[in-house]
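K.L.:
One structure, as structure tokens, below. Some questions next.
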Amino acid sequence: MRTQQPIYTLSYFVQVSLTFLLLLFTSGVSSSCESPASTTQSTNEQIEQASDEIETEHIIIGHLGAQHLANLVYRKGADGDKLVGWGRTPITEWPMGSASKQVVVQENPEHRYSNGGCAMDLDGDGVDEIVVARGHISNLKNAKLMWFDEVEGKQHWQGYEIASLWEQGFSAPHDIEPYIFENAEGEQTKAVIANKSRREMYMFVVPEDPAQAWNTYHIGSFPHRNQSGIEIIDINDDGRPDIVSGMFWIEAPENPAQDNWEFHQFGNWENDDWQWAGMNKHGVADFDGDGRLEIVVSEAEIPDARLSLFDPETGKLESTWSQHPIDSGLDAPHSLVVLDLNGDEKPDFLVGEMTAGGWDFPYNPNPKIYAYINQGNMQFDKTVFSEGWGVHEMRILPKKLEGKTVIYAADEIQPQKFNAMNTHVSYWMIASP
């Protein structure tokens, strides 16, 4: 367990740049684009060496070259299942299992899209729309929260503005997630939750006609800076979905669009001044079978990152939870998903490293996805799930394909800083034990 969080200075970043140049000339990394054909990479042999309990197949459907893809989400399209991505790259869609991509929102060289975004059926027609922020290409200045609607028979989708709240640069939401709540009569209201500048949480309520004005609700501000990552889940078992973000869980009131939300700090990394400590990824489940939810957290943005499980052992959810260190020395683990990998009905999880983080940290020539297999009593066996393939914002497909669990991601986010990097869209199919 690490006892001191490293401090990154200007001299460190100079050293990082020199290190990358050395890697560039010695690693043999190619900057050429690969053939735009669908590729299947069988990783069964590697996985069986790591764990006899996991069998998987890696399928590559997108070869973008040196393009920036900030996020990738699953969407129910009018003609089937899709993966949709965006970033400096315009909003682009791939049918599941196909390398036939389509740019669905017309490209504008002055625009880029926020990291945060989600798919949600806003108008109840059974087809998902996309909600994401769009701003200036250099720093996302003047970002507007928008939703985009697939138009039958048209190549490009229709865009609608939801809100314009982010005039300053780099303030567009890092995280955007769907949110559905019920009133006392059981009537559902759709909304989206957005984390602005890693400091403020907003809710945007979907009107009956999404093309009309949306109501904006300021949930509140974090007591500490730099809080990100988001999970929507009922932490206190009161029937209302709460928010987990950074090192806080945010308690939903009886009427989320009118009443006050409460911010509860569940944990803190030792010896940290909140420069990096709140920029996390989360997985929420009952890992120890005691009937209460725990939160597993990774430091998402930095090298030498920690991974811990936070447990409300006393049952007092509003107090600081007990921390159980699981791992350290991870390299920008910006992906964390919870799933049962070995069929024992206990929640396991995957943690994926990036090839290069969103800050000026070194290029990682051999990123890994690790599997942490739940052994009970807060103990996890660590194995290598995949090697040599970085991921960002890895997610679980909400349905199985061919009876197999699917996780998916785009692998690179920093070709604008490391021009030897190639961006791909891919997914792993995990056989049920």
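Residues are named by chain letter and number: chains run A, B, ... in the order of the structure tokens, numbers start at 1 in each chain, and ligands are numbered from 1 in the order shown.
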Show me, as a PyMOL selection string, the residues that have an atom within 8 Å of stretch 384-400 of chain A when counting only C-alpha atoms, minus same-chain residues fewer than 4 positions from it.
P.N.:
chain A and resi 43+46-47+50+70-74+334-337+350+352-355+365-371+404-413
K.L.:
Within 12 Å of A:Ile235, counting only C-alpha atoms, which residues qualify if same-chain residues fewer than 6 places away don't, as number ranges by chain?
P.N.:
A: 241-244, 248-252, 264, 266, 284-286, 291-295, 311-312, 315-318
K.L.:
How many Å lie between atom CA of A:Glu167 and atom CA of A:Val132, rounded to one decimal?
P.N.:
15.7 Å
K.L.:
Provide the atom CA of A:Gln375 to atom CA of A:Leu339 distance in Å, to one decimal place.
P.N.:
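Interatomic distance, atom CA of A:Gln375 to atom CA of A:Leu339: 13.9 Å.
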K.L.:
Closest to A:Ala257 among A:Leu307, A:Met203, A:Ala213, A:Ala99, using only C-alpha atoms?
P.N.:
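For A:Ala257, the nearest of the candidates is A:Met203.
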K.L.:
Which residues are close to A:Gly62, i.e. within 7 Å by only C-alpha atoms, leaving aside same-chain residues fewer than 3 positions away? Reply as a list in words.
P.N.:
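Returned residues: Pro36, Ala99, His424, Val425 and Ser426 of chain A.
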K.L.:
Could you dump the residues just selected with N, CA, C and O atoms as a compact mmCIF listing (two decimals), in the first residue's frame?
P.N.:
# COMPACT_ATOMS: atom_id res chain seq x y z
N PRO A 36 -9.67 -0.82 -42.68
CA PRO A 36 -10.98 -0.63 -42.06
C PRO A 36 -11.88 -1.83 -42.20
O PRO A 36 -13.03 -1.73 -42.59
N ALA A 99 -18.08 -3.29 -39.12
CA ALA A 99 -17.10 -2.21 -39.24
C ALA A 99 -17.62 -1.08 -40.12
O ALA A 99 -16.87 -0.16 -40.45
N HIS A 424 -9.29 2.76 -31.74
CA HIS A 424 -10.11 1.64 -32.17
C HIS A 424 -11.42 1.61 -31.38
O HIS A 424 -11.51 2.16 -30.28
N VAL A 425 -12.39 0.95 -31.94
CA VAL A 425 -13.63 0.61 -31.25
C VAL A 425 -13.70 -0.91 -31.21
O VAL A 425 -13.57 -1.57 -32.25
N SER A 426 -13.90 -1.46 -30.03
CA SER A 426 -13.90 -2.92 -29.93
C SER A 426 -14.74 -3.38 -28.75
O SER A 426 -15.14 -2.58 -27.90
K.L.:
Given the choices A:Tyr427, A:Phe418, A:Trp157, A:Tyr202, which gets closest to A:Leu401 if the distance is worked out from only C-alpha atoms?
P.N.:
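Smallest distance to A:Leu401 is found for A:Tyr427.
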